[in-house]
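Participant: File follows, target11.txt with compact mmCIF, C-alpha atoms:
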```
# COMPACT_ATOMS: atom_id res chain seq x y z
CA ALA M 922 -24.23 16.17 -2.77
CA GLN M 923 -22.06 18.43 -4.86
CA PRO M 924 -18.38 17.58 -5.07
CA TRP M 925 -17.65 20.52 -2.79
CA ASN M 926 -20.36 19.94 -0.25
CA ASN M 927 -19.01 16.87 1.43
CA GLU M 928 -17.89 16.78 5.02
CA LEU M 929 -14.59 18.42 5.77
CA ARG M 930 -11.89 15.77 5.97
CA THR M 931 -8.22 15.87 6.55
CA GLY M 932 -7.48 13.18 3.94
CA THR M 933 -3.93 13.25 4.94
CA THR M 934 -0.49 12.00 5.43
CA ILE M 935 0.80 12.22 8.99
CA MET M 936 3.90 10.73 10.48
CA ALA M 937 5.89 10.64 13.70
CA VAL M 938 9.33 9.18 14.45
CA GLU M 939 11.10 8.67 17.78
CA PHE M 940 14.79 9.44 18.04
CA ASP M 941 17.14 9.32 21.00
CA LYS M 942 16.39 12.79 22.38
CA GLY M 943 12.76 13.29 21.34
CA VAL M 944 10.34 12.92 18.46
CA VAL M 945 9.90 14.40 15.01
CA ILE M 946 6.37 14.86 13.66
CA ALA M 947 5.33 15.74 10.14
CA ALA M 948 2.16 16.24 8.16
CA ASP M 949 0.97 17.58 4.81
CA SER M 950 -1.37 20.56 4.75
CA ARG M 951 -4.40 19.76 2.64
CA THR M 952 -8.01 19.64 3.88
CA THR M 953 -10.57 18.44 1.39
CA MET M 954 -14.32 18.63 1.12
CA GLY M 955 -14.90 15.94 -1.44
CA ALA M 956 -13.01 17.17 -4.49
CA TYR M 957 -12.59 20.76 -3.29
CA ILE M 958 -9.54 21.71 -1.29
CA ALA M 959 -10.97 23.69 1.59
CA ASN M 960 -7.66 24.66 3.11
CA ARG M 961 -4.28 24.21 1.48
CA VAL M 962 -2.24 25.40 4.44
CA THR M 963 -3.84 23.48 7.28
CA ASP M 964 -1.88 22.86 10.42
CA LYS M 965 -2.52 19.28 11.40
CA LEU M 966 0.08 19.24 14.14
CA THR M 967 -1.88 20.32 17.20
CA PRO M 968 -0.19 21.09 20.52
CA LEU M 969 -1.71 19.41 23.57
CA SER M 970 0.83 20.69 26.03
CA ASP M 971 4.30 22.19 25.87
CA HIS M 972 5.94 18.92 24.97
CA ILE M 973 3.11 16.81 23.56
CA PHE M 974 1.61 17.18 20.11
CA CYS M 975 -0.94 15.24 18.15
CA CYS M 976 -1.20 14.70 14.41
CA ARG M 977 -4.79 14.60 13.18
CA SER M 978 -6.30 12.67 10.29
CA GLY M 979 -9.88 11.76 9.44
CA SER M 980 -12.79 14.09 9.95
CA ALA M 981 -11.52 17.61 10.69
CA ALA M 982 -14.40 18.45 13.04
CA ASP M 983 -14.11 15.25 15.06
CA THR M 984 -10.37 15.48 15.53
CA GLN M 985 -10.43 19.17 16.46
CA ALA M 986 -13.15 18.58 19.04
CA ILE M 987 -11.34 15.63 20.59
CA ALA M 988 -8.02 17.45 20.63
CA ASP M 989 -9.65 20.38 22.47
CA ILE M 990 -11.11 18.07 25.08
CA VAL M 991 -7.82 16.27 25.61
CA ARG M 992 -5.92 19.54 25.82
CA ALA M 993 -8.24 20.79 28.55
CA ARG M 994 -8.03 17.53 30.51
CA LEU M 995 -4.27 17.41 30.18
CA TYR M 996 -3.97 20.97 31.50
CA LEU M 997 -6.06 20.06 34.54
CA HIS M 998 -3.95 16.98 35.07
CA GLU M 999 -0.80 19.07 34.95
CA LEU M 1000 -2.18 21.50 37.54
CA GLN M 1001 -3.25 18.71 39.86
CA MET M 1002 -0.07 16.66 39.60
CA ASN M 1003 2.23 19.68 39.48
CA GLU M 1004 4.52 18.00 36.97
CA GLN M 1005 4.89 17.59 33.23
CA PRO M 1006 2.31 15.08 31.96
CA ALA M 1007 3.53 11.81 30.51
CA VAL M 1008 2.90 11.22 26.80
CA SER M 1009 1.19 7.95 27.58
CA ILE M 1010 -1.38 9.85 29.64
CA ALA M 1011 -2.28 12.04 26.68
CA ALA M 1012 -2.42 8.97 24.46
CA ASN M 1013 -4.69 7.22 26.91
CA MET M 1014 -7.06 10.17 27.05
CA PHE M 1015 -7.33 10.05 23.27
CA ARG M 1016 -7.83 6.31 23.31
CA GLU M 1017 -10.67 6.59 25.84
CA ILE M 1018 -12.57 9.10 23.76
CA CYS M 1019 -11.87 7.44 20.42
CA TYR M 1020 -12.88 4.00 21.68
CA GLU M 1021 -16.06 5.08 23.51
CA ASN M 1022 -17.27 6.94 20.45
CA ARG M 1023 -15.81 4.71 17.79
CA GLU M 1024 -19.21 4.26 16.10
CA SER M 1025 -19.85 7.94 15.57
CA ILE M 1026 -16.48 9.52 14.90
CA SER M 1027 -13.81 9.07 12.31
CA ALA M 1028 -10.43 9.96 13.73
CA GLY M 1029 -6.95 8.60 13.15
CA ILE M 1030 -4.54 10.24 15.57
CA ILE M 1031 -0.84 10.03 16.27
CA VAL M 1032 0.19 11.35 19.69
CA ALA M 1033 3.86 12.21 19.98
CA GLY M 1034 5.88 14.02 22.59
CA TRP M 1035 8.64 14.04 25.12
CA ASP M 1036 8.51 13.56 28.89
CA PRO M 1037 11.32 13.40 31.44
CA VAL M 1038 10.56 9.80 32.45
CA GLU M 1039 10.45 7.89 29.15
CA GLY M 1040 11.90 10.39 26.70
CA GLY M 1041 10.47 10.64 23.19
CA GLN M 1042 7.42 8.46 22.53
CA VAL M 1043 5.03 7.98 19.63
CA PHE M 1044 1.58 6.46 20.07
CA SER M 1045 -0.63 5.55 17.15
CA ILE M 1046 -4.43 5.55 17.62
CA PRO M 1047 -6.09 4.57 14.34
CA LEU M 1048 -9.81 4.24 13.60
CA GLY M 1049 -11.48 2.12 16.24
CA GLY M 1050 -9.49 3.36 19.18
CA PHE M 1051 -6.61 0.90 19.50
CA CYS M 1052 -3.56 2.57 21.06
CA GLN M 1053 -0.08 1.28 20.45
CA ARG M 1054 3.35 2.70 21.03
CA GLN M 1055 5.59 2.50 17.96
CA SER M 1056 8.97 3.95 17.05
CA VAL M 1057 7.65 5.16 13.75
CA ALA M 1058 3.98 5.70 13.03
CA ILE M 1059 2.25 6.81 9.84
CA GLY M 1060 -1.40 7.61 9.32
CA GLY M 1061 -3.96 9.07 7.00
CA SER M 1062 -4.95 8.20 3.47
CA GLY M 1063 -1.52 8.92 2.05
CA SER M 1064 0.17 6.57 4.47
CA THR M 1065 -0.66 3.42 2.49
CA TYR M 1066 1.86 4.47 -0.14
CA LEU M 1067 4.56 4.87 2.47
CA TYR M 1068 4.62 1.48 4.15
CA GLY M 1069 7.19 0.06 1.76
CA PHE M 1070 9.36 3.16 1.97
CA ILE M 1071 9.30 3.21 5.77
CA ASP M 1072 10.05 -0.49 6.10
CA ALA M 1073 13.00 -0.17 3.76
CA ASN M 1074 14.47 3.08 5.02
CA TYR M 1075 13.79 3.38 8.74
CA LYS M 1076 16.63 2.43 11.01
CA PRO M 1077 16.54 2.85 14.78
CA GLY M 1078 19.09 5.23 16.26
CA MET M 1079 18.77 8.15 13.85
CA ASN M 1080 19.52 11.64 15.09
CA GLN M 1081 17.23 14.66 14.79
CA GLN M 1082 18.46 15.84 11.38
CA GLU M 1083 18.22 12.36 9.90
CA CYS M 1084 14.69 12.02 11.23
CA LEU M 1085 13.69 15.39 9.76
CA ASP M 1086 15.08 14.41 6.37
CA PHE M 1087 13.41 11.03 6.56
CA CYS M 1088 10.01 12.58 7.38
CA LYS M 1089 10.33 15.23 4.71
CA LYS M 1090 11.11 12.64 2.07
CA ALA M 1091 8.26 10.39 3.18
CA ILE M 1092 5.60 13.11 3.22
CA THR M 1093 6.76 14.31 -0.18
CA LEU M 1094 6.44 10.81 -1.64
CA ALA M 1095 2.93 10.49 -0.24
CA ILE M 1096 1.90 13.90 -1.58
CA LEU M 1097 3.13 12.74 -4.99
CA ARG M 1098 0.78 9.75 -5.01
CA ASP M 1099 -2.22 10.66 -2.84
CA GLY M 1100 -4.82 13.07 -4.18
CA SER M 1101 -6.00 13.96 -0.69
CA SER M 1102 -2.55 15.02 0.50
CA GLY M 1103 -0.79 18.10 -0.71
CA GLY M 1104 0.36 21.61 0.01
CA VAL M 1105 3.36 22.03 2.24
CA CYS M 1106 5.08 19.62 4.56
CA ARG M 1107 4.86 20.84 8.15
CA MET M 1108 7.34 19.42 10.60
CA ALA M 1109 8.16 19.81 14.27
CA ALA M 1110 10.85 18.40 16.50
CA LEU M 1111 10.05 17.91 20.19
CA MET V 1202 -21.69 -24.09 14.98
CA PRO V 1203 -21.15 -27.79 14.25
CA THR V 1204 -17.47 -28.53 14.21
CA GLU V 1205 -17.78 -31.61 12.04
CA PHE V 1206 -19.65 -31.34 8.81
CA THR V 1207 -20.97 -34.85 8.46
CA SER V 1208 -23.74 -33.94 6.09
CA LEU V 1209 -24.77 -31.21 3.71
CA ASP V 1210 -27.35 -30.08 6.24
CA ASP V 1211 -24.65 -29.47 8.79
CA LEU V 1212 -22.61 -27.57 6.25
CA SER V 1213 -25.49 -25.31 5.33
CA ILE V 1214 -26.26 -24.66 8.99
CA GLY V 1215 -22.66 -23.76 9.50
CA LEU V 1216 -22.66 -21.42 6.54
CA ASN V 1217 -25.87 -19.78 7.67
CA GLU V 1218 -24.46 -19.17 11.09
CA LEU V 1219 -21.34 -17.75 9.55
CA SER V 1220 -23.32 -15.44 7.30
CA GLU V 1221 -25.33 -14.17 10.24
CA SER V 1222 -22.21 -13.33 12.09
CA GLY V 1223 -20.97 -11.41 9.05
CA GLU V 1224 -18.27 -13.82 8.03
CA LYS V 1225 -19.96 -14.80 4.82
CA ASP V 1226 -17.06 -13.30 2.99
CA LEU V 1227 -15.01 -16.42 3.62
CA PHE V 1228 -17.07 -18.80 1.56
CA TYR V 1229 -18.90 -16.63 -0.89
CA SER V 1230 -16.28 -14.36 -2.31
CA PRO V 1231 -14.73 -15.25 -5.63
CA VAL V 1232 -11.19 -16.48 -5.68
CA SER V 1233 -9.12 -13.40 -6.22
CA ASP V 1234 -5.49 -12.50 -6.39
CA GLY V 1235 -4.80 -10.13 -3.59
CA THR V 1236 -1.53 -9.57 -5.32
CA THR V 1237 1.61 -7.66 -5.90
CA ILE V 1238 2.93 -7.52 -9.42
CA ILE V 1239 5.64 -5.22 -10.65
CA ALA V 1240 7.64 -4.82 -13.84
CA VAL V 1241 10.74 -2.72 -14.47
CA GLN V 1242 12.39 -1.92 -17.77
CA TYR V 1243 16.16 -1.48 -18.03
CA ASP V 1244 18.45 -0.91 -21.00
CA GLN V 1245 18.64 -4.46 -22.22
CA GLY V 1246 15.51 -6.06 -20.90
CA VAL V 1247 12.66 -6.26 -18.47
CA ILE V 1248 12.30 -7.77 -15.01
CA LEU V 1249 8.87 -8.88 -13.82
CA GLY V 1250 8.14 -9.83 -10.25
CA ALA V 1251 5.12 -11.16 -8.39
CA ASP V 1252 4.11 -12.81 -5.14
CA SER V 1253 2.41 -16.19 -5.17
CA GLN V 1254 -0.60 -16.08 -2.88
CA THR V 1255 -4.26 -16.37 -3.82
CA SER V 1256 -6.99 -15.70 -1.32
CA ARG V 1257 -10.74 -15.99 -1.03
CA GLY V 1258 -11.95 -12.86 0.70
CA ARG V 1259 -9.14 -11.82 2.92
CA GLN V 1260 -9.44 -14.73 5.26
CA LEU V 1261 -8.60 -17.84 3.41
CA VAL V 1262 -5.43 -18.46 1.47
CA SER V 1263 -6.34 -20.96 -1.15
CA THR V 1264 -3.03 -21.29 -2.90
CA LYS V 1265 0.38 -20.49 -1.58
CA THR V 1266 2.50 -20.95 -4.65
CA ARG V 1267 0.56 -19.80 -7.65
CA PHE V 1268 2.42 -18.74 -10.72
CA LYS V 1269 1.14 -15.29 -11.62
CA LEU V 1270 3.58 -14.37 -14.35
CA ALA V 1271 2.07 -16.06 -17.36
CA ARG V 1272 3.95 -16.63 -20.57
CA LEU V 1273 2.29 -15.10 -23.61
CA HIS V 1274 5.19 -15.75 -25.91
CA GLU V 1275 8.90 -16.54 -25.71
CA ARG V 1276 9.85 -13.03 -24.70
CA ILE V 1277 6.51 -11.66 -23.56
CA PHE V 1278 5.18 -12.30 -20.07
CA CYS V 1279 2.12 -10.98 -18.34
CA GLY V 1280 1.43 -10.44 -14.65
CA THR V 1281 -2.22 -10.47 -13.62
CA SER V 1282 -4.12 -9.26 -10.59
CA GLY V 1283 -7.79 -9.12 -9.72
CA ARG V 1284 -10.28 -11.92 -10.00
CA CYS V 1285 -8.53 -15.19 -10.80
CA ALA V 1286 -11.17 -16.51 -13.15
CA ASP V 1287 -11.17 -13.32 -15.19
CA SER V 1288 -7.38 -13.30 -15.35
CA LYS V 1289 -7.18 -16.87 -16.60
CA ALA V 1290 -9.87 -16.33 -19.21
CA VAL V 1291 -8.29 -13.15 -20.50
CA LEU V 1292 -4.85 -14.75 -20.68
CA GLU V 1293 -6.14 -17.66 -22.74
CA VAL V 1294 -7.72 -15.36 -25.29
CA ILE V 1295 -4.67 -13.12 -25.51
CA LYS V 1296 -2.37 -16.09 -25.96
CA ASN V 1297 -4.48 -17.45 -28.78
CA ARG V 1298 -4.84 -14.18 -30.59
CA LEU V 1299 -1.15 -13.44 -30.26
CA HIS V 1300 -0.24 -16.86 -31.58
CA LEU V 1301 -2.55 -16.36 -34.54
CA LYS V 1302 -1.03 -13.00 -35.30
CA GLY V 1303 2.41 -14.52 -35.20
CA ILE V 1304 1.38 -17.16 -37.72
CA ILE V 1305 -0.36 -14.69 -40.04
CA GLU V 1306 2.50 -12.22 -40.02
CA ASP V 1307 5.16 -14.91 -39.96
CA SER V 1308 7.27 -13.19 -37.35
CA ALA V 1309 7.60 -13.01 -33.60
CA PRO V 1310 4.81 -10.85 -32.16
CA ARG V 1311 5.74 -7.49 -30.74
CA VAL V 1312 5.13 -6.56 -27.11
CA ARG V 1313 3.11 -3.54 -28.16
CA VAL V 1314 0.83 -5.81 -30.17
CA ALA V 1315 0.31 -8.12 -27.20
CA ALA V 1316 -0.48 -5.15 -24.99
CA HIS V 1317 -2.88 -3.77 -27.56
CA ILE V 1318 -4.71 -7.07 -27.86
CA ALA V 1319 -4.99 -7.23 -24.09
CA SER V 1320 -6.22 -3.69 -23.66
CA LYS V 1321 -8.78 -4.02 -26.46
CA LEU V 1322 -10.12 -7.17 -24.83
CA CYS V 1323 -10.27 -5.62 -21.39
CA TYR V 1324 -11.95 -2.50 -22.73
CA GLU V 1325 -14.59 -4.34 -24.75
CA HIS V 1326 -15.56 -6.40 -21.72
CA ARG V 1327 -14.85 -3.75 -19.10
CA ASN V 1328 -18.27 -4.15 -17.50
CA ASN V 1329 -17.76 -7.83 -16.83
CA LEU V 1330 -14.07 -8.16 -16.16
CA GLU V 1331 -12.20 -7.36 -13.00
CA THR V 1332 -8.61 -7.90 -13.87
CA SER V 1333 -5.59 -5.71 -14.36
CA LEU V 1334 -2.49 -6.74 -16.27
CA ILE V 1335 1.12 -5.76 -16.57
CA ILE V 1336 2.77 -6.94 -19.76
CA GLY V 1337 6.53 -6.89 -20.06
CA GLY V 1338 8.76 -8.19 -22.77
CA TRP V 1339 11.46 -7.73 -25.32
CA ASP V 1340 11.18 -7.59 -29.11
CA PRO V 1341 13.72 -6.79 -31.82
CA VAL V 1342 11.81 -3.72 -33.02
CA GLU V 1343 11.44 -1.64 -29.88
CA GLY V 1344 13.58 -3.47 -27.36
CA PRO V 1345 12.38 -3.85 -23.78
CA GLN V 1346 8.93 -2.49 -22.94
CA VAL V 1347 6.52 -2.53 -20.01
CA TYR V 1348 2.82 -1.84 -20.46
CA ALA V 1349 0.29 -1.41 -17.69
CA ILE V 1350 -3.36 -2.22 -18.35
CA PRO V 1351 -5.40 -1.38 -15.25
CA ILE V 1352 -9.05 -2.28 -14.75
CA GLY V 1353 -11.10 -0.65 -17.48
CA GLY V 1354 -8.73 -1.37 -20.32
CA MET V 1355 -6.50 1.67 -20.59
CA MET V 1356 -3.04 0.87 -21.88
CA THR V 1357 0.01 2.91 -20.99
CA GLN V 1358 3.71 2.32 -21.41
CA LEU V 1359 5.80 2.99 -18.33
CA PRO V 1360 9.37 2.37 -17.24
CA VAL V 1361 8.13 0.83 -14.01
CA ALA V 1362 4.61 -0.41 -13.34
CA ALA V 1363 3.11 -1.95 -10.23
CA GLY V 1364 -0.32 -3.46 -9.72
CA GLY V 1365 -2.46 -5.47 -7.39
CA SER V 1366 -3.56 -4.84 -3.84
CA GLY V 1367 -0.03 -4.88 -2.49
CA SER V 1368 1.20 -2.24 -4.89
CA THR V 1369 -0.29 0.69 -2.96
CA TYR V 1370 2.11 0.07 -0.10
CA ILE V 1371 5.19 0.32 -2.26
CA TYR V 1372 4.49 3.37 -4.41
CA GLY V 1373 6.50 5.51 -2.02
CA TYR V 1374 9.38 3.07 -2.17
CA ILE V 1375 9.24 2.85 -5.97
CA ASP V 1376 9.17 6.62 -6.36
CA SER V 1377 12.14 7.06 -4.08
CA MET V 1378 14.29 4.16 -5.30
CA TYR V 1379 13.72 3.86 -9.04
CA LYS V 1380 16.19 5.62 -11.27
CA PRO V 1381 16.60 5.12 -15.02
CA GLY V 1382 19.78 3.40 -16.12
CA MET V 1383 19.90 0.60 -13.53
CA SER V 1384 21.69 -2.60 -14.40
CA ARG V 1385 20.08 -6.04 -14.55
CA GLU V 1386 21.25 -7.01 -11.07
CA GLU V 1387 20.08 -3.71 -9.59
CA CYS V 1388 16.69 -4.16 -11.21
CA ILE V 1389 16.36 -7.70 -9.88
CA ARG V 1390 17.23 -6.49 -6.40
CA PHE V 1391 14.81 -3.57 -6.75
CA VAL V 1392 11.95 -5.82 -7.87
CA SER V 1393 12.56 -8.38 -5.12
CA ASN V 1394 12.71 -5.63 -2.52
CA CYS V 1395 9.44 -4.17 -3.76
CA VAL V 1396 7.61 -7.48 -3.69
CA SER V 1397 9.03 -8.35 -0.29
CA LEU V 1398 7.95 -5.03 1.21
CA ALA V 1399 4.47 -5.38 -0.24
CA MET V 1400 4.16 -8.97 0.99
CA SER V 1401 4.96 -7.96 4.52
CA ARG V 1402 2.29 -5.26 4.58
CA ASP V 1403 -0.49 -6.66 2.41
CA SER V 1404 -2.49 -9.56 3.76
CA GLY V 1405 -3.42 -10.53 0.22
CA SER V 1406 0.18 -11.00 -0.89
CA GLY V 1407 2.59 -13.59 0.34
CA GLY V 1408 4.26 -16.88 -0.38
CA VAL V 1409 7.37 -16.76 -2.53
CA ILE V 1410 8.71 -14.13 -4.89
CA ARG V 1411 8.59 -15.15 -8.51
CA LEU V 1412 10.76 -13.31 -11.00
CA VAL V 1413 11.11 -13.40 -14.75
CA ALA V 1414 14.10 -11.72 -16.38
CA ILE V 1415 13.57 -11.14 -20.09
CA ASP V 1416 16.19 -9.94 -22.51
CA LYS V 1417 17.05 -10.67 -26.11
CA ASP V 1418 18.73 -13.96 -25.32
CA GLU V 1419 16.42 -15.63 -22.83
CA ALA V 1420 13.47 -15.41 -20.49
CA ASN V 1421 14.78 -16.64 -17.18
CA ARG V 1422 12.36 -17.66 -14.41
CA MET V 1423 13.55 -17.41 -10.83
CA VAL V 1424 12.11 -17.97 -7.40
CA LEU V 1425 13.05 -16.43 -4.08
CA ALA V 1426 11.69 -18.44 -1.18
CA GLY V 1427 12.02 -18.38 2.58
CA ASP V 1428 15.34 -16.96 3.66
CA GLU V 1429 16.14 -15.65 0.22
CA ILE V 1430 13.36 -13.06 0.47
CA PRO V 1431 14.90 -9.67 1.39
CA LYS V 1432 14.27 -8.65 4.98
CA PHE V 1433 13.35 -5.20 6.23
CA TYR V 1434 12.43 -3.36 9.40
CA GLN V 1435 9.63 -5.30 11.06
CA GLY V 1436 8.88 -3.00 13.97
```
Let me see the structure of the file written as C-alpha cells.
Facilitator:
Amino acid sequence: AQPWNNELRTGTTIMAVEFDKGVVIAADSRTTMGAYIANRVTDKLTPLSDHIFCCRSGSAADTQAIADIVRARLYLHELQMNEQPAVSIAANMFREICYENRESISAGIIVAGWDPVEGGQVFSIPLGGFCQRQSVAIGGSGSTYLYGFIDANYKPGMNQQECLDFCKKAITLAILRDGSSGGVCRMAAL
Amino acid sequence: MPTEFTSLDDLSIGLNELSESGEKDLFYSPVSDGTTIIAVQYDQGVILGADSQTSRGRQLVSTKTRFKLARLHERIFCGTSGRCADSKAVLEVIKNRLHLKGIIEDSAPRVRVAAHIASKLCYEHRNNLETSLIIGGWDPVEGPQVYAIPIGGMMTQLPVAAGGSGSTYIYGYIDSMYKPGMSREECIRFVSNCVSLAMSRDSGSGGVIRLVAIDKDEANRMVLAGDEIPKFYQG
C-alpha cells in the first residue's frame, strides 16, 4: 500500500473535562491516511443532541457510522421520553455498539455532555468497549504524551475558563509531540 | 494447570498450557527494563533520574530496586532502557573503553567522548542491540552535558532527555514545565516529578526513584522511596 492509501484514521488527541456547571471538550483537527494528511481541519467533536457531544478517535469511518446511529437512537429516545436525554444513556448506547462489534471496529470515543439530573459528565469508551465515567478523560494517539501533564496539572473544581485554558494547553502539547495530531485545536463548552 | 510443579514434566505442562492460552509472554520474554529515565542539564551540573523496576513481559516484575543509573566515570553517569542484557553488555564495553582512553590521554575523559563511544558501539551493532542510553555528566572542558542515544545509535545533545517506556507519558509534562535556567533544587524536583508521573502511568516503571546529581564537586546519589515520591492527581 502506498503511504497515502491507508485507511482514513483520526490519529488524534481528544480530551474532555468536567467542571461545576458543565463540560469542556477539545480535539485537534488532523485526519491521516498513513503519512498523508487527508483533512487538516477536521471536526472531531460531533453533536449527538443539543447538550451531548462525542469526541471521536480511531478509524474515521467507524466512528462516524457509530455516531450517526447513536444520534438517531438518542433522538428517538428523546421523543419517546419527552425529556432531555441523560449523558449516561448516550454513553451506554456507544458502549453497546462498541462492545458488540469490538472485533471489527476501531473506535476510541469520549462522550461528554450536560443533563439536568447529574450536571456535566464525561464518559470514556476506549478500544474494546469499556465505559467509565471520569472527571477528565483523554484519548487518541496523542494522549499518551499527556498523562503526566494531566496528572500534574488537573485539579477538581476549576471553572469554565480554567478548563478551556487547561484543554488548550494540553492539546497543544500533544500536537507538539504526536505526528498524527495537528492543525487547530477545536474546543466546546457545554 | 498443575498448581505445584513437583517435576520438570509438570512445569513443561504448565508452560504449554500457558502458551496455548496466549500467556507465553510471561516466561519467554527477555528481561527488559520497562523504564523511565530522564536527565536534565542546568547551569552548574546535570541531574539524572530513573525508576527501579525490571519486568519480564509486562506481567512479572523481576526486580523492584534495580539501579539503572550506571557510573561510567566519576562525573559521567548513564541511564539505560531496553533489554537488560544488552544494556549491561554495552555498559561494560563503554566503561572499559572510556577507562582506556583516560589512561592513554592521561586526563579525565570528557562526556562527549563517552557519548561518542556509546553511540559508535550502538550503531555498529544496531541490528543486534535493543537498548537506548542517556548519558549525563560534567567535565572541565564543556561543563554539564546531556546526550541521548536512542535505539539505532544516533547521538544528540539536549538540555533535557527522557527515555524508556514511561517517557512517552511525560513528554507533555516536560514540554510544559521545563525552562532553561532552573536551579539545582528546581531540577531535582522536576526530575522526581517526571519519574513519579511516569511510574504511576506506566506498568513497566515503578519501585523507587533514583537520582544522581552531578556537578564539578561531586556526583551525589539519592533515593526517593515510598512517601517521599511526589504525589499527583490519581483520579
Participant: Just the number, please: distance in Å from atom CA of V:Gly1250 to atom CA of V:Ala1316, one decimal.
Facilitator: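 Between these atoms lies a distance of 17.7 Å.
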Participant: With a cut-off of 6 Å and counting all atoms listed in the file, select all residues of chain M in contact with chain V and give the selection as a tab-separated table (two decimals) with C-alpha atoms, in the coordinates of the input.
Facilitator:
```
chain	number	residue	atom	x	y	z
M	1065	THR	CA	-0.66	3.42	2.49
M	1066	TYR	CA	1.86	4.47	-0.14
M	1067	LEU	CA	4.56	4.87	2.47
M	1068	TYR	CA	4.62	1.48	4.15
M	1069	GLY	CA	7.19	0.06	1.76
M	1070	PHE	CA	9.36	3.16	1.97
M	1072	ASP	CA	10.05	-0.49	6.10
M	1073	ALA	CA	13.00	-0.17	3.76
M	1094	LEU	CA	6.44	10.81	-1.64
```
Participant: Using only C-alpha atoms, which residue out of M:Val938, M:Ala948, M:Val991, M:Cys1019 lies closest to M:Gln1042?
Facilitator: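 Among the listed residues, M:Val938 lies closest to M:Gln1042.
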Participant: With distances taken over only C-alpha atoms, which of M:Thr953, M:Ser1062, M:Asn960, M:Ser1009 is nearest to M:Val1105?
Facilitator: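 Of M:Thr953, M:Ser1062, M:Asn960, M:Ser1009, the one nearest M:Val1105, counting only C-alpha atoms, is M:Asn960.
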Participant: Find the residues around stretch 974-990 of chain M up to 7 Å (all atoms listed in the file counted), leave out those fewer than 5 positions away in its own chain, and share them as a PyMOL selection string.
Facilitator: chain M and resi 929-933+935+965-969+1026-1034+1061
Participant: Nearest to M:Asp964 among M:Leu1111, M:Pro1006, M:Gly1104, M:Val1043, with distances taken over only C-alpha atoms: which residue is it?
Facilitator: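 Of M:Leu1111, M:Pro1006, M:Gly1104, M:Val1043, the one nearest M:Asp964, counting only C-alpha atoms, is M:Gly1104.
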Participant: Suppose you want the space between atom CA of V:Ala1309 and atom CA of V:Gly1283; what is it in Å?
Facilitator: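 Answer for the atom CA of V:Ala1309 to atom CA of V:Gly1283 separation: 28.7 Å.
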Participant: Nearest to V:Glu1387: which of V:Thr1357, V:Gln1242, V:Gln1346, V:Gln1254 is it, counting only C-alpha atoms?
Facilitator: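 The closest residue to V:Glu1387 is V:Gln1242.
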Participant: As an exercise, work out the distance from atom CA of V:Gly1280 to atom CA of V:Leu1334 in Å and give it to one decimal place.
Facilitator: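 Between atom CA of V:Gly1280 and atom CA of V:Leu1334 the gap is 5.6 Å.
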Participant: Taking (4.6, -18.5, -27.4) in the file's own coordinates, collect the residues within 12 Å, counting only C-alpha atoms, and hand them back as a ChimeraX atom specification.
Facilitator: /V:1271-1278,1293,1295-1304,1308-1312,1315,1420
Participant: Mind dumping the selected residues with C-alpha atoms as a PDB file, keeping the file's coordinate frame?
Facilitator:
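result19.pdb, freshly written:
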```pdb
ATOM      1  CA  ALA V1271       2.070 -16.060 -17.360  1.00  0.00           C
ATOM      2  CA  ARG V1272       3.950 -16.630 -20.570  1.00  0.00           C
ATOM      3  CA  LEU V1273       2.290 -15.100 -23.610  1.00  0.00           C
ATOM      4  CA  HIS V1274       5.190 -15.750 -25.910  1.00  0.00           C
ATOM      5  CA  GLU V1275       8.900 -16.540 -25.710  1.00  0.00           C
ATOM      6  CA  ARG V1276       9.850 -13.030 -24.700  1.00  0.00           C
ATOM      7  CA  ILE V1277       6.510 -11.660 -23.560  1.00  0.00           C
ATOM      8  CA  PHE V1278       5.180 -12.300 -20.070  1.00  0.00           C
ATOM      9  CA  GLU V1293      -6.140 -17.660 -22.740  1.00  0.00           C
ATOM     10  CA  ILE V1295      -4.670 -13.120 -25.510  1.00  0.00           C
ATOM     11  CA  LYS V1296      -2.370 -16.090 -25.960  1.00  0.00           C
ATOM     12  CA  ASN V1297      -4.480 -17.450 -28.780  1.00  0.00           C
ATOM     13  CA  ARG V1298      -4.840 -14.180 -30.590  1.00  0.00           C
ATOM     14  CA  LEU V1299      -1.150 -13.440 -30.260  1.00  0.00           C
ATOM     15  CA  HIS V1300      -0.240 -16.860 -31.580  1.00  0.00           C
ATOM     16  CA  LEU V1301      -2.550 -16.360 -34.540  1.00  0.00           C
ATOM     17  CA  LYS V1302      -1.030 -13.000 -35.300  1.00  0.00           C
ATOM     18  CA  GLY V1303       2.410 -14.520 -35.200  1.00  0.00           C
ATOM     19  CA  ILE V1304       1.380 -17.160 -37.720  1.00  0.00           C
ATOM     20  CA  SER V1308       7.270 -13.190 -37.350  1.00  0.00           C
ATOM     21  CA  ALA V1309       7.600 -13.010 -33.600  1.00  0.00           C
ATOM     22  CA  PRO V1310       4.810 -10.850 -32.160  1.00  0.00           C
ATOM     23  CA  ARG V1311       5.740  -7.490 -30.740  1.00  0.00           C
ATOM     24  CA  VAL V1312       5.130  -6.560 -27.110  1.00  0.00           C
ATOM     25  CA  ALA V1315       0.310  -8.120 -27.200  1.00  0.00           C
ATOM     26  CA  ALA V1420      13.470 -15.410 -20.490  1.00  0.00           C
TER      27      ALA V1420
END
```
Participant: What's around V:Val1291 at 9 Å? Count all atoms listed in the file, leave out sequence neighbours fewer than 3 positions away in its own chain, and write the answer as a list of chain:residue names.
Facilitator: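 Selected residues are V:Ala1286, V:Asp1287, V:Ser1288, V:Val1294, V:Ile1295, V:Lys1296, V:Ala1319, V:Leu1322, V:Cys1323, V:Leu1330, V:Thr1332.
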Participant: Could you name the residues that touch M:Met1108 at 9 Å or less, counting only C-alpha atoms, but leaving out those on the same chain fewer than 2 positions away, as a PyMOL selection string?
Facilitator: chain M and resi 945-949+966+1085+1088-1089+1106+1110
